[in-house]
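Dumped work38.cif below, it's mmCIF, C-alpha atoms:
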```cif
data_upload
loop_
_atom_site.label_atom_id
_atom_site.label_comp_id
_atom_site.auth_asym_id
_atom_site.auth_seq_id
_atom_site.Cartn_x
_atom_site.Cartn_y
_atom_site.Cartn_z
CA MET A 1 -24.15 17.37 4.14
CA PRO A 2 -21.20 15.62 2.40
CA TYR A 3 -22.03 13.28 -0.42
CA ASP A 4 -21.83 9.74 0.97
CA ALA A 5 -19.96 7.42 -1.41
CA GLY A 6 -21.43 4.34 0.24
CA SER A 7 -20.16 1.59 2.51
CA ALA A 8 -17.69 0.02 0.07
CA PRO A 9 -14.56 1.93 -0.99
CA TRP A 10 -15.14 4.15 -4.01
CA VAL A 11 -11.96 4.36 -6.07
CA LEU A 12 -11.62 6.32 -9.32
CA MET A 13 -9.23 5.24 -12.06
CA TYR A 14 -7.29 7.75 -14.16
CA HIS A 15 -4.32 7.37 -16.46
CA SER A 16 -2.80 10.31 -18.36
CA VAL A 17 -3.54 14.03 -17.92
CA ALA A 18 -2.79 15.99 -21.09
CA ARG A 19 -4.25 17.65 -24.14
CA CYS A 20 -4.50 14.83 -26.65
CA ALA A 21 -6.32 14.84 -30.00
CA GLN A 22 -5.78 11.13 -30.61
CA ASP A 23 -6.72 8.87 -27.73
CA PRO A 24 -7.87 5.47 -29.08
CA TYR A 25 -7.65 3.77 -25.68
CA ARG A 26 -9.47 6.63 -23.90
CA VAL A 27 -6.79 6.94 -21.23
CA THR A 28 -6.31 10.73 -21.38
CA VAL A 29 -8.11 13.47 -19.48
CA SER A 30 -7.34 17.10 -20.22
CA PRO A 31 -6.06 19.30 -17.39
CA ARG A 32 -9.18 21.43 -17.72
CA ARG A 33 -11.48 18.41 -17.38
CA LEU A 34 -9.50 17.06 -14.41
CA ALA A 35 -9.77 20.44 -12.69
CA ALA A 36 -13.54 20.37 -13.16
CA GLN A 37 -13.76 16.82 -11.79
CA LEU A 38 -11.61 17.60 -8.76
CA GLY A 39 -13.70 20.69 -8.13
CA TRP A 40 -16.90 18.65 -8.24
CA LEU A 41 -15.48 16.21 -5.69
CA ARG A 42 -14.79 19.13 -3.37
CA ARG A 43 -18.27 20.59 -3.82
CA ALA A 44 -19.74 17.14 -3.14
CA GLY A 45 -17.93 17.03 0.19
CA LEU A 46 -15.38 14.44 -0.94
CA THR A 47 -11.61 14.47 -0.51
CA GLY A 48 -9.46 12.38 -2.82
CA VAL A 49 -6.77 10.29 -1.13
CA GLY A 50 -4.40 7.46 -1.99
CA VAL A 51 -5.59 3.90 -1.61
CA THR A 52 -3.54 3.13 1.48
CA GLU A 53 -4.86 6.23 3.23
CA LEU A 54 -8.40 5.35 2.19
CA LEU A 55 -8.26 1.79 3.50
CA GLU A 56 -6.58 2.80 6.76
CA ALA A 57 -9.17 5.52 7.37
CA ARG A 58 -12.02 3.12 6.70
CA ALA A 59 -10.54 0.56 9.08
CA GLU A 60 -10.51 3.24 11.78
CA GLY A 61 -14.05 4.42 11.03
CA ARG A 62 -12.88 7.66 9.35
CA GLY A 63 -13.76 6.79 5.76
CA ARG A 64 -16.79 9.02 5.30
CA GLY A 65 -16.12 11.78 2.79
CA LEU A 66 -13.06 10.07 1.28
CA VAL A 67 -12.67 8.71 -2.25
CA GLY A 68 -9.66 6.91 -3.69
CA LEU A 69 -7.89 8.57 -6.62
CA THR A 70 -5.57 6.41 -8.71
CA PHE A 71 -3.45 7.11 -11.79
CA ASP A 72 -2.16 4.10 -13.70
CA ASP A 73 1.04 3.67 -15.77
CA GLY A 74 3.14 6.41 -14.17
CA TYR A 75 3.06 8.96 -16.98
CA GLU A 76 5.33 11.97 -16.53
CA ASP A 77 2.28 14.19 -16.94
CA PHE A 78 1.12 12.99 -13.53
CA LEU A 79 3.89 15.13 -12.05
CA THR A 80 3.60 18.07 -14.44
CA ALA A 81 -0.19 18.27 -14.88
CA ALA A 82 -2.03 16.17 -12.28
CA VAL A 83 -0.04 16.92 -9.11
CA PRO A 84 -0.46 20.72 -9.32
CA LEU A 85 -4.23 20.32 -9.72
CA LEU A 86 -4.49 17.74 -6.95
CA ARG A 87 -2.64 20.07 -4.60
CA ALA A 88 -4.68 23.10 -5.66
CA TYR A 89 -7.95 21.32 -4.84
CA GLY A 90 -6.68 19.69 -1.65
CA HIS A 91 -6.61 16.09 -2.89
CA ARG A 92 -4.05 13.30 -2.79
CA ALA A 93 -3.73 10.20 -4.97
CA THR A 94 -1.88 6.98 -5.69
CA VAL A 95 0.19 6.75 -8.86
CA TYR A 96 1.10 3.25 -10.05
CA VAL A 97 4.48 3.26 -11.77
CA LEU A 98 6.70 0.92 -13.78
CA PRO A 99 10.26 0.76 -12.42
CA GLY A 100 11.29 -1.42 -15.36
CA ARG A 101 10.46 1.41 -17.79
CA LEU A 102 11.79 4.47 -15.95
CA GLY A 103 11.97 7.42 -18.31
CA GLY A 104 10.61 5.27 -21.14
CA GLU A 105 7.27 5.42 -22.90
CA ASN A 106 4.00 3.50 -23.21
CA ALA A 107 5.20 0.94 -25.74
CA TRP A 108 2.36 -1.44 -24.78
CA ASP A 109 -0.20 0.89 -26.41
CA ALA A 110 0.41 -0.11 -30.01
CA GLU A 111 -2.07 2.32 -31.56
CA GLY A 112 -1.85 5.21 -29.12
CA PRO A 113 0.38 8.29 -29.09
CA ARG A 114 3.71 7.92 -27.34
CA LYS A 115 3.67 9.25 -23.79
CA GLY A 116 6.69 9.68 -21.54
CA LEU A 117 6.92 7.83 -18.23
CA LEU A 118 8.25 9.09 -14.91
CA THR A 119 11.98 8.99 -14.25
CA GLN A 120 13.59 8.18 -10.91
CA GLU A 121 13.71 11.87 -10.11
CA GLY A 122 10.06 12.26 -11.09
CA ILE A 123 8.97 9.45 -8.81
CA ARG A 124 10.89 10.95 -5.90
CA ALA A 125 9.27 14.32 -6.59
CA VAL A 126 5.81 12.76 -6.65
CA ALA A 127 6.44 11.15 -3.26
CA ALA A 128 7.79 14.41 -1.86
CA PHE A 129 4.53 16.11 -2.84
CA GLY A 130 2.63 13.66 -0.63
CA MET A 131 1.37 11.29 -3.30
CA GLU A 132 1.46 7.54 -2.75
CA VAL A 133 3.66 5.54 -5.12
CA GLY A 134 2.46 2.02 -5.89
CA SER A 135 3.67 -0.68 -8.25
CA HIS A 136 2.19 -1.44 -11.66
CA GLY A 137 4.67 -4.25 -12.15
CA LEU A 138 8.01 -3.87 -13.89
CA ARG A 139 7.07 -3.45 -17.54
CA HIS A 140 3.25 -3.47 -17.84
CA VAL A 141 2.59 -7.11 -18.70
CA ASP A 142 -0.51 -9.26 -18.23
CA LEU A 143 0.17 -11.18 -15.02
CA THR A 144 -2.43 -13.82 -15.86
CA ARG A 145 -0.27 -14.90 -18.84
CA CYS A 146 3.16 -14.84 -17.16
CA ASP A 147 5.30 -17.82 -16.31
CA ALA A 148 6.28 -18.21 -12.66
CA THR A 149 9.66 -16.48 -13.05
CA THR A 150 8.24 -13.44 -14.81
CA LEU A 151 5.34 -13.19 -12.37
CA ALA A 152 7.71 -13.18 -9.39
CA ALA A 153 9.89 -10.50 -10.98
CA GLU A 154 6.93 -8.29 -11.84
CA VAL A 155 5.52 -8.23 -8.32
CA CYS A 156 8.60 -8.72 -6.12
CA GLU A 157 11.35 -6.86 -7.94
CA SER A 158 9.12 -3.90 -8.71
CA ARG A 159 8.29 -3.52 -5.01
CA GLU A 160 11.94 -3.76 -3.98
CA LEU A 161 13.05 -1.23 -6.60
CA LEU A 162 10.38 1.30 -5.67
CA GLY A 163 11.04 0.91 -1.97
CA ALA A 164 14.73 1.61 -2.53
CA LEU A 165 13.90 4.54 -4.81
CA THR A 166 11.45 6.31 -2.49
CA GLY A 167 12.75 5.14 0.88
CA ARG A 168 9.21 4.20 1.81
CA PRO A 169 7.28 0.91 2.01
CA VAL A 170 5.30 0.09 -1.12
CA ASP A 171 1.92 -1.16 0.05
CA GLY A 172 -0.14 -1.00 -3.13
CA PHE A 173 -0.14 -2.86 -6.42
CA CYS A 174 -2.23 -2.37 -9.55
CA TYR A 175 -2.76 -5.16 -12.10
CA PRO A 176 -1.75 -4.10 -15.62
CA TYR A 177 -4.71 -4.11 -18.02
CA GLY A 178 -6.88 -4.89 -14.99
CA ALA A 179 -6.07 -8.56 -15.63
CA VAL A 180 -6.32 -10.54 -12.42
CA ASP A 181 -6.85 -14.15 -11.40
CA ALA A 182 -6.28 -16.18 -8.24
CA ARG A 183 -2.65 -16.87 -9.16
CA ALA A 184 -1.87 -13.17 -9.62
CA VAL A 185 -3.57 -12.32 -6.32
CA ALA A 186 -1.54 -14.98 -4.50
CA ALA A 187 1.71 -13.64 -5.97
CA VAL A 188 0.92 -10.05 -5.00
CA ARG A 189 -0.07 -11.06 -1.49
CA SER A 190 3.09 -13.17 -1.06
CA ALA A 191 5.28 -10.27 -2.25
CA GLY A 192 4.23 -8.28 0.81
CA TYR A 193 1.74 -5.80 -0.59
CA ALA A 194 -1.18 -4.80 1.63
CA HIS A 195 -3.71 -4.34 -1.17
CA ALA A 196 -4.12 -4.29 -4.95
CA CYS A 197 -6.41 -2.57 -7.43
CA ALA A 198 -8.12 -4.15 -10.39
CA VAL A 199 -10.80 -2.68 -12.66
CA ALA A 200 -13.75 -5.02 -12.27
CA SER A 201 -13.16 -7.76 -9.70
CA PRO A 202 -13.86 -11.30 -10.96
CA ALA A 203 -16.29 -13.36 -8.93
CA GLY A 204 -14.60 -14.89 -5.92
CA LEU A 205 -11.73 -12.39 -5.89
CA GLU A 206 -13.39 -9.52 -4.06
CA GLY A 207 -11.50 -7.88 -1.22
CA ASP A 208 -8.39 -5.80 -0.61
CA PHE A 209 -6.40 -7.64 -3.29
CA ALA A 210 -8.92 -7.09 -6.08
CA ILE A 211 -10.34 -3.64 -5.39
CA PRO A 212 -12.65 -2.54 -8.22
CA ARG A 213 -12.41 0.99 -9.60
CA ALA A 214 -14.58 3.32 -11.64
CA TYR A 215 -13.04 4.48 -14.92
CA VAL A 216 -12.89 8.25 -15.38
CA GLY A 217 -12.41 9.71 -18.84
CA SER A 218 -12.49 12.97 -20.74
CA ARG A 219 -16.29 12.80 -21.15
CA ASP A 220 -17.01 12.59 -17.45
CA HIS A 221 -18.53 15.89 -16.43
CA ALA A 222 -20.05 16.50 -13.00
CA GLY A 223 -23.33 14.78 -13.87
CA ARG A 224 -21.58 11.63 -15.02
CA LEU A 225 -19.39 11.52 -11.92
CA LEU A 226 -22.49 11.85 -9.77
CA ALA A 227 -24.10 9.01 -11.73
CA LYS A 228 -21.03 6.83 -11.21
CA GLY A 229 -21.16 7.58 -7.51
CA LEU A 230 -24.80 6.57 -7.40
CA LEU A 231 -24.00 3.41 -9.36
CA HIS A 232 -21.31 2.58 -6.82
CA ARG A 233 -23.82 2.90 -3.99
CA PHE A 234 -26.74 1.31 -5.86
CA PRO A 235 -25.51 -1.16 -8.52
CA GLY A 236 -29.09 -1.85 -9.55
CA ALA A 237 -29.40 1.74 -10.81
CA ARG A 238 -27.39 1.01 -13.98
CA GLY A 239 -30.52 0.40 -16.08
CA PRO A 240 -32.28 3.67 -15.17
CA LEU A 241 -29.07 5.67 -15.54
CA MET A 242 -28.41 4.17 -18.96
CA SER A 243 -31.98 4.86 -20.05
CA LEU A 244 -31.52 8.50 -19.10
CA GLY A 245 -28.38 8.65 -21.23
CA VAL A 246 -26.18 9.70 -18.31
CA LEU A 247 -23.68 6.87 -18.69
CA ARG A 248 -23.60 6.47 -22.46
CA GLY A 249 -20.49 7.09 -24.52
#
```
structure tokens encoding of this file:
Amino acid sequence: MPYDAGSAPWVLMYHSVARCAQDPYRVTVSPRRLAAQLGWLRRAGLTGVGVTELLEARAEGRGRGLVGLTFDDGYEDFLTAAVPLLRAYGHRATVYVLPGRLGGENAWDAEGPRKGLLTQEGIRAVAAFGMEVGSHGLRHVDLTRCDATTLAAEVCESRELLGALTGRPVDGFCYPYGAVDARAVAAVRSAGYAHACAVASPAGLEGDFAIPRAYVGSRDHAGRLLAKGLLHRFPGARGPLMSLGVLRG
């Protein structure tokens, strides 16, 4: 019987996929670890899909056995390392990119190693491989601290640029740093997006424009992923799972 991820959408949050000795922000998963995680999802009866596909399937009563896979920041290693593994294991995903930093690097991570970001050609290739392309804003800024002009540019211009680049509607947004408030939600909704991902949703902002996600890192073996799935279904299980040491570190 397929593992049942529960009644609410279960969405996993990744960032970079690479071999990385220094990772102070814990945003990197090795290709080997990602392969093991994707394999576990398959063995658990789960198929990874992009967020739009997940929400549409759930609305039509077809959500059982689906889990959302998301990759933030639009690193070039999503194309070179993640996409081949996703395709090999029969999964799809959403990658949230930064059209204001095409071909640049993760300058917002002051203490982390420099990582290249997807180019225009890379984003088109990702879309051609069946992955959903969503917006992460223009330049990875905290929307809760933006003035009105910057906020509008981050959500509206990024959507327009990506739509022109891929030739497809851009339905999904992801809040940089997971920073979200009512003002940011209103701006994203007004820009025409259908949904947006956060990390943890603040009280009062639950719903399709503040979708919470479960962080996945390099330490998450099969047992930890199972524990996170159980925590998604049964939030009250955090104490017992912590006491068993499954979710530490």
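Closest approach to Leu69 (chain A) from the set A:Gly45, A:Gly137, A:Ala36, A:Val11 is made by A:Val11, with distances taken over all atoms listed in the file.
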Using only C-alpha atoms for the distances, tell me which of A:Ser30, A:Ser16, A:Thr70, A:Gln37 is nearest to Pro212 (chain A).
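Using only C-alpha atoms, the shortest distance to Pro212 (chain A) belongs to A:Thr70.
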Skipping near chain neighbours, those fewer than 4 positions away, what residues fall within 7 Å of region 110-113 of chain A using only C-alpha atoms, listed as a list of chain:residue names?
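Returned residues: A:Gln22, A:Asp23, A:Pro24, A:Tyr25.
The list of residues within 8 Å of (8.4, -5.1, -11.9), counted using all atoms listed in the file, is Leu98, Pro99, Gly100, Ser135, His136, Gly137, Leu138, Arg139, Ala153, Glu154, Val155, Cys156, Glu157, Ser158 and Arg159 of chain A.
What separates CA of Ala21 (chain A) from CA of Arg219 (chain A) is a distance of 13.5 Å.
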I want to know what sits within 6 Å of region 170-183 of chain A, based on only C-alpha atoms, with residues of the same chain fewer than 3 positions away left out; could you give that as number ranges by chain?
A: 134-136, 140, 142, 163, 186, 193-199
Spell out the residues picked by the PyMOL selection byres ((chain A and resi 41) around 12) here, as an NGL selection string.
:A and (2-5 or 12 or 34-40 or 42-49 or 65-69 or 86 or 89-91 or 221-223 or 225-226 or 229)
Best match for closeness to Val188 (chain A) among A:Asp77, A:Asp208, A:Glu60, A:Asp109, counting only C-alpha atoms:
A:Asp208
Record the distance separating CA of Leu151 (chain A) and CA of Pro169 (chain A), expressed in Å with one decimal.
20.2 Å
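The set of residues that the PyMOL selection byres ((chain A and resi 130) around 12) takes from this file is Val49, Gly50, Glu53, Leu79, Val83, Pro84, Leu86, Arg87, Gly90, His91, Arg92, Ala93, Thr94, Val95, Ile123, Arg124, Ala125, Val126, Ala127, Ala128, Phe129, Met131, Glu132, Val133, Thr166 and Arg168 of chain A.
Between Arg32 (chain A) and the candidates A:Gly122, A:Leu85, A:Ala8, A:Ala191, the tightest atom-to-atom separation, counting all atoms listed in the file, involves A:Leu85.
Closest to Leu102 (chain A) among A:Leu143, A:Asp72, A:Pro31, A:Leu162 is A:Leu162, based on all atoms listed in the file.
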Using the chain letters and numbering of this document, enumerate as JSON, numbers by chain the residues selected by the PyMOL selection byres ((chain A and resi 73) around 6).
{"A": [72, 74, 75, 96, 97]}
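Counting from CA of Arg101 (chain A), the distance to CA of Ala88 (chain A) is 29.1 Å.
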Box dimensions and centre (Å, one decimal) enclosing region 157-166 of chain A, axis-aligned, 8 Å extra per side, as AutoDock Vina command-line options:
```
--center_x 11.5 --center_y -0.3 --center_z -5.3 --size_x 22.4 --size_y 29.2 --size_z 22.7
```
Between A:Phe234, A:Ser218, A:Glu56, A:Pro202, which has the minimum distance to His15 (chain A) (counting all atoms listed in the file)?
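When distances to His15 (chain A) are compared using all atoms listed in the file, the smallest one comes from A:Ser218.
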